[in-house]
Amino acid sequence: MRDFTIPLPIARAVLDPVFRVVLNSRLPVAVQRTLLDAVSLLQLMPDGSVVQHLQLGGRPAERIIAEAAIPGSRTRAVPPERAAGAILYLHGGGYVVGSLTTHRSLVARLARESSCAVYSLDYRLAPEHPFPAGLDDAEAAFLDLVDNVGYRPDQICLAGDSAGGGLSLALAQRLIERHQITPAALGLIAPWVDPRLVPDRDRDLVINRPWSLACAAMYLGDGDANEPGYAPLTGKLIGLPPTYVQVDVSELLHDQCTTLVTALRGAGVHVRFTETRGLWHVAQLQAALVTEAALALSELAEFLREAIQPVSIDDLR
């Protein structure tokens, strides 16, 4: 479906009451999930998106590709059948909400702009499945892509937003520590890398302090809050692959992101860092509606594509 754009002030005015209602710690988790799935229907899929339902590591997942490269793409993408890699995408939602449905539009746009196959994982959520269930699922999915789908580890990028960004970082650390394998790159959209930290403000346009604290507690369950898998900002950063971090300056997670970037650079990791102004937490979800969000997502796709460096068949002739 063709995109149509909404001016930033109008988009903010529409989204503010929606997130005030939906991401509310007083609402049952099941209601929050249902409302988010319903609202996500407004996030349009790009033309030419092909969605395949499958299992990865024993969990439901989706593989999304674009049928052909989009003329004029900023990434100069090659057709998907010529791409040499994949992106494993882990959705956000405080480890409590979010789904394949809520992030399908974002994932499809990432597939279009990168010309890679993007695998979106339905990892288990708290409170039914607290830490480390989601991390275990992500690990199993990555290993499935290597052992059964046939990608090399350096052909797979990890990407995610908010809690999914934190989960991506924790997964990269676990893969290096347990399996001595390193993904091609990390693409982190406003990653939540330390749920132990209390936001210093009550809310931004999307998330609020009571909701985030409730999510952190549900995700931890009876676990140890000092476990690096739960708070990957405290884990080992040396040896991580090239990493791109995106965040808006207005977000509650902005300070966490700047702390992460400083720590990554101190550990010798190649980092690209972009701070937007005037957007909101994971505005990339509204890339089909907001030009500025689409540009940010396109830059992320370009970074991941270049990390994988697909080779055109024509270049091999």
# chains A, B, ... in the order shown; residues from 1 in each chain; ligands from 1
call {"tool": "closest_atom_pairs", "arguments": {"of": "stretch 12-119 of chain A", "to": "stretch 217-238 of chain A", "cutoff": "9 Å", "atoms": "only C-alpha atoms", "output": "Markdown table"}}
result
| residue | atom | partner | partner_atom | distance |
| --- | --- | --- | --- | --- |
| A:Gly94 | CA | A:Tyr219 | CA | 8.0 |
| A:Tyr95 | CA | A:Tyr219 | CA | 6.2 |
| A:Val96 | CA | A:Tyr219 | CA | 7.1 |
call {"tool": "residues_around", "arguments": {"residues": "A:Gly166", "least_positions_apart": "4", "cutoff": "9 Å", "atoms": "only C-alpha atoms", "output": "PyMOL selection string"}}
result
chain A and resi 92+160-162+170-171+188+190-194+229-233
call {"tool": "write_last_selection", "arguments": {"atoms": "C-alpha atoms", "output": "tab-separated table (two decimals), in the first residue's frame"}}
result
chain	number	residue	atom	x	y	z
A	92	GLY	CA	10.05	-4.29	21.81
A	160	GLY	CA	15.56	-4.77	17.88
A	161	ASP	CA	13.82	-1.87	19.54
A	162	SER	CA	13.46	-0.95	23.21
A	170	ALA	CA	22.15	-9.74	25.55
A	171	LEU	CA	21.91	-12.31	22.75
A	188	LEU	CA	19.51	-1.04	18.29
A	190	ALA	CA	16.31	3.03	21.73
A	191	PRO	CA	17.51	-0.15	23.48
A	192	TRP	CA	16.44	-0.85	27.06
A	193	VAL	CA	19.77	-2.21	28.30
A	194	ASP	CA	19.34	-1.91	32.07
A	229	GLY	CA	21.45	-11.28	30.53
A	230	TYR	CA	18.81	-9.22	32.31
A	231	ALA	CA	20.82	-5.98	32.26
A	232	PRO	CA	23.23	-6.36	29.32
A	233	LEU	CA	24.68	-2.88	29.91
call {"tool": "residues_around", "arguments": {"residues": "stretch 135-142 of chain A", "least_positions_apart": "2", "cutoff": "7 Å", "atoms": "only C-alpha atoms", "output": "count of residues only"}}
result
10
call {"tool": "residues_around", "arguments": {"residues": "A:Gly85", "least_positions_apart": "6", "cutoff": "7 Å", "atoms": "only C-alpha atoms", "output": "PyMOL selection string"}}
result
chain A and resi 116+151+155-156+308+310
call {"tool": "select_by_dssp", "arguments": {"residues": "stretch 270-316 of chain A", "states": "helix (DSSP H, G or I)", "output": "PyMOL selection string"}}
result
chain A and resi 283-286+291-308+313-316
call {"tool": "closest_residue", "arguments": {"among": "A:Ala216, A:Val118, A:Ala159, A:Leu205", "to": "A:Pro17", "atoms": "only C-alpha atoms"}}
result
A:Leu205
call {"tool": "residues_around", "arguments": {"residues": "A:Ala108", "least_positions_apart": "6", "cutoff": "8 Å", "atoms": "only C-alpha atoms", "output": "PyMOL selection string"}}
result
chain A and resi 45-46+49+64-66+118
call {"tool": "write_last_selection", "arguments": {"atoms": "N, CA and C atoms", "output": "PDB file, in the first residue's frame"}}
result
ATOM      1  N   MET A  45       1.850  -1.891   5.466  1.00  0.00           N
ATOM      2  CA  MET A  45       2.922  -2.703   4.899  1.00  0.00           C
ATOM      3  C   MET A  45       3.346  -2.123   3.554  1.00  0.00           C
ATOM      4  N   PRO A  46       4.635  -2.131   3.248  1.00  0.00           N
ATOM      5  CA  PRO A  46       5.074  -1.680   1.935  1.00  0.00           C
ATOM      6  C   PRO A  46       4.614  -2.635   0.836  1.00  0.00           C
ATOM      7  N   SER A  49       5.765  -6.752  -0.147  1.00  0.00           N
ATOM      8  CA  SER A  49       6.228  -7.514   1.019  1.00  0.00           C
ATOM      9  C   SER A  49       5.680  -8.935   0.972  1.00  0.00           C
ATOM     10  N   ILE A  64      10.237 -12.161   6.328  1.00  0.00           N
ATOM     11  CA  ILE A  64       9.693 -11.149   5.429  1.00  0.00           C
ATOM     12  C   ILE A  64      10.783 -10.707   4.463  1.00  0.00           C
ATOM     13  N   ILE A  65      10.438 -10.710   3.176  1.00  0.00           N
ATOM     14  CA  ILE A  65      11.321 -10.176   2.155  1.00  0.00           C
ATOM     15  C   ILE A  65      10.512  -9.229   1.273  1.00  0.00           C
ATOM     16  N   ALA A  66      11.221  -8.420   0.494  1.00  0.00           N
ATOM     17  CA  ALA A  66      10.596  -7.596  -0.528  1.00  0.00           C
ATOM     18  C   ALA A  66      10.760  -8.303  -1.865  1.00  0.00           C
ATOM     19  N   VAL A 118      14.349 -10.720   6.613  1.00  0.00           N
ATOM     20  CA  VAL A 118      14.277 -10.329   8.018  1.00  0.00           C
ATOM     21  C   VAL A 118      13.376 -11.327   8.742  1.00  0.00           C
TER      22      VAL A 118
END
call {"tool": "closest_atom_pairs", "arguments": {"of": "stretch 90-162 of chain A", "to": "stretch 288-304 of chain A", "cutoff": "6 Å", "atoms": "only C-alpha atoms", "output": "JSON lines"}}
result
{"residue": "A:Leu110", "atom": "CA", "partner": "A:Ala301", "partner_atom": "CA", "distance": 5.8}
{"residue": "A:Glu113", "atom": "CA", "partner": "A:Ala301", "partner_atom": "CA", "distance": 5.7}
{"residue": "A:Ser114", "atom": "CA", "partner": "A:Ala301", "partner_atom": "CA", "distance": 4.9}
call {"tool": "residues_around", "arguments": {"residues": "A:Ala267", "least_positions_apart": "3", "cutoff": "10 Å", "atoms": "only C-alpha atoms", "output": "ChimeraX atom specification"}}
result
/A:236-240,261-264,270
call {"tool": "write_last_selection", "arguments": {"atoms": "N, CA and C atoms", "output": "PDB file, in the first residue's frame"}}
result
ATOM      1  N   LYS A 236      29.714  -8.022  29.369  1.00  0.00           N
ATOM      2  CA  LYS A 236      30.964  -7.814  28.641  1.00  0.00           C
ATOM      3  C   LYS A 236      30.670  -7.211  27.277  1.00  0.00           C
ATOM      4  N   LEU A 237      31.301  -6.100  26.981  1.00  0.00           N
ATOM      5  CA  LEU A 237      31.077  -5.399  25.714  1.00  0.00           C
ATOM      6  C   LEU A 237      32.227  -5.593  24.729  1.00  0.00           C
ATOM      7  N   ILE A 238      33.386  -5.958  25.225  1.00  0.00           N
ATOM      8  CA  ILE A 238      34.541  -6.186  24.348  1.00  0.00           C
ATOM      9  C   ILE A 238      34.234  -7.335  23.394  1.00  0.00           C
ATOM     10  N   GLY A 239      34.534  -7.125  22.115  1.00  0.00           N
ATOM     11  CA  GLY A 239      34.338  -8.177  21.129  1.00  0.00           C
ATOM     12  C   GLY A 239      33.004  -8.139  20.421  1.00  0.00           C
ATOM     13  N   LEU A 240      32.127  -7.194  20.797  1.00  0.00           N
ATOM     14  CA  LEU A 240      30.843  -7.087  20.124  1.00  0.00           C
ATOM     15  C   LEU A 240      31.036  -6.575  18.699  1.00  0.00           C
ATOM     16  N   VAL A 261      26.480   3.831  24.525  1.00  0.00           N
ATOM     17  CA  VAL A 261      27.385   4.220  23.443  1.00  0.00           C
ATOM     18  C   VAL A 261      28.783   4.532  23.987  1.00  0.00           C
ATOM     19  N   THR A 262      28.840   5.254  25.095  1.00  0.00           N
ATOM     20  CA  THR A 262      30.136   5.563  25.714  1.00  0.00           C
ATOM     21  C   THR A 262      30.852   4.290  26.136  1.00  0.00           C
ATOM     22  N   ALA A 263      30.103   3.357  26.733  1.00  0.00           N
ATOM     23  CA  ALA A 263      30.707   2.100  27.188  1.00  0.00           C
ATOM     24  C   ALA A 263      31.176   1.251  26.010  1.00  0.00           C
ATOM     25  N   LEU A 264      30.406   1.208  24.943  1.00  0.00           N
ATOM     26  CA  LEU A 264      30.797   0.439  23.762  1.00  0.00           C
ATOM     27  C   LEU A 264      32.079   1.001  23.154  1.00  0.00           C
ATOM     28  N   HIS A 270      33.091  -0.659  17.286  1.00  0.00           N
ATOM     29  CA  HIS A 270      32.746   0.361  16.295  1.00  0.00           C
ATOM     30  C   HIS A 270      31.275   0.729  16.472  1.00  0.00           C
TER      31      HIS A 270
END
call {"tool": "closest_residue", "arguments": {"among": "A:Thr274, A:Ser115, A:Ser25, A:Ser120", "to": "A:Gln55", "atoms": "only C-alpha atoms"}}
result
A:Ser120
call {"tool": "closest_residue", "arguments": {"among": "A:Ile10, A:Ile87, A:Ile181, A:Leu15", "to": "A:His281", "atoms": "only C-alpha atoms"}}
result
A:Leu15
call {"tool": "select_by_dssp", "arguments": {"residues": "stretch 95-243 of chain A", "states": "strand (DSSP E or B)", "output": "list of chain:residue names"}}
result
A:Ala117, A:Val118, A:Tyr119, A:Ser120, A:Leu121, A:Ile156, A:Cys157, A:Leu158, A:Ala159, A:Gly160, A:Asp161, A:Leu186, A:Gly187, A:Leu188, A:Ile189, A:Arg203, A:Asn208, A:Thr243
call {"tool": "residues_around", "arguments": {"residues": "A:Phe273", "least_positions_apart": "6", "cutoff": "8 Å", "atoms": "only C-alpha atoms", "output": "PDB file with all heavy atoms, in the first residue's frame"}}
result
ATOM      1  N   TYR A 244      24.894   0.024  15.735  1.00  0.00           N
ATOM      2  CA  TYR A 244      24.242   1.299  15.451  1.00  0.00           C
ATOM      3  C   TYR A 244      23.157   1.503  16.500  1.00  0.00           C
ATOM      4  O   TYR A 244      22.285   0.654  16.679  1.00  0.00           O
ATOM      5  CB  TYR A 244      23.635   1.281  14.052  1.00  0.00           C
ATOM      6  CG  TYR A 244      23.102   2.612  13.549  1.00  0.00           C
ATOM      7  CD1 TYR A 244      23.274   3.797  14.249  1.00  0.00           C
ATOM      8  CD2 TYR A 244      22.426   2.677  12.346  1.00  0.00           C
ATOM      9  CE1 TYR A 244      22.788   5.005  13.772  1.00  0.00           C
ATOM     10  CE2 TYR A 244      21.933   3.878  11.842  1.00  0.00           C
ATOM     11  CZ  TYR A 244      22.115   5.036  12.559  1.00  0.00           C
ATOM     12  OH  TYR A 244      21.630   6.237  12.098  1.00  0.00           O
ATOM     13  N   VAL A 245      23.217   2.630  17.205  1.00  0.00           N
ATOM     14  CA  VAL A 245      22.219   2.973  18.215  1.00  0.00           C
ATOM     15  C   VAL A 245      21.472   4.222  17.760  1.00  0.00           C
ATOM     16  O   VAL A 245      22.095   5.232  17.429  1.00  0.00           O
ATOM     17  CB  VAL A 245      22.870   3.223  19.593  1.00  0.00           C
ATOM     18  CG1 VAL A 245      21.809   3.608  20.623  1.00  0.00           C
ATOM     19  CG2 VAL A 245      23.642   1.990  20.060  1.00  0.00           C
ATOM     20  N   GLN A 246      20.152   4.146  17.751  1.00  0.00           N
ATOM     21  CA  GLN A 246      19.301   5.291  17.429  1.00  0.00           C
ATOM     22  C   GLN A 246      18.408   5.605  18.626  1.00  0.00           C
ATOM     23  O   GLN A 246      17.855   4.696  19.249  1.00  0.00           O
ATOM     24  CB  GLN A 246      18.409   4.999  16.219  1.00  0.00           C
ATOM     25  CG  GLN A 246      19.156   4.797  14.922  1.00  0.00           C
ATOM     26  CD  GLN A 246      18.217   4.575  13.740  1.00  0.00           C
ATOM     27  OE1 GLN A 246      17.089   4.118  13.906  1.00  0.00           O
ATOM     28  NE2 GLN A 246      18.687   4.882  12.531  1.00  0.00           N
ATOM     29  N   VAL A 261      26.480   3.831  24.525  1.00  0.00           N
ATOM     30  CA  VAL A 261      27.385   4.220  23.443  1.00  0.00           C
ATOM     31  C   VAL A 261      28.783   4.532  23.987  1.00  0.00           C
ATOM     32  O   VAL A 261      29.797   4.101  23.425  1.00  0.00           O
ATOM     33  CB  VAL A 261      26.809   5.423  22.670  1.00  0.00           C
ATOM     34  CG1 VAL A 261      27.849   6.028  21.739  1.00  0.00           C
ATOM     35  CG2 VAL A 261      25.580   4.986  21.880  1.00  0.00           C
TER      36      VAL A 261
END
call {"tool": "atom_distance", "arguments": {"atom1": "atom CA of A:Cys215", "atom2": "atom CA of A:Leu23"}}
result
10.3 Å
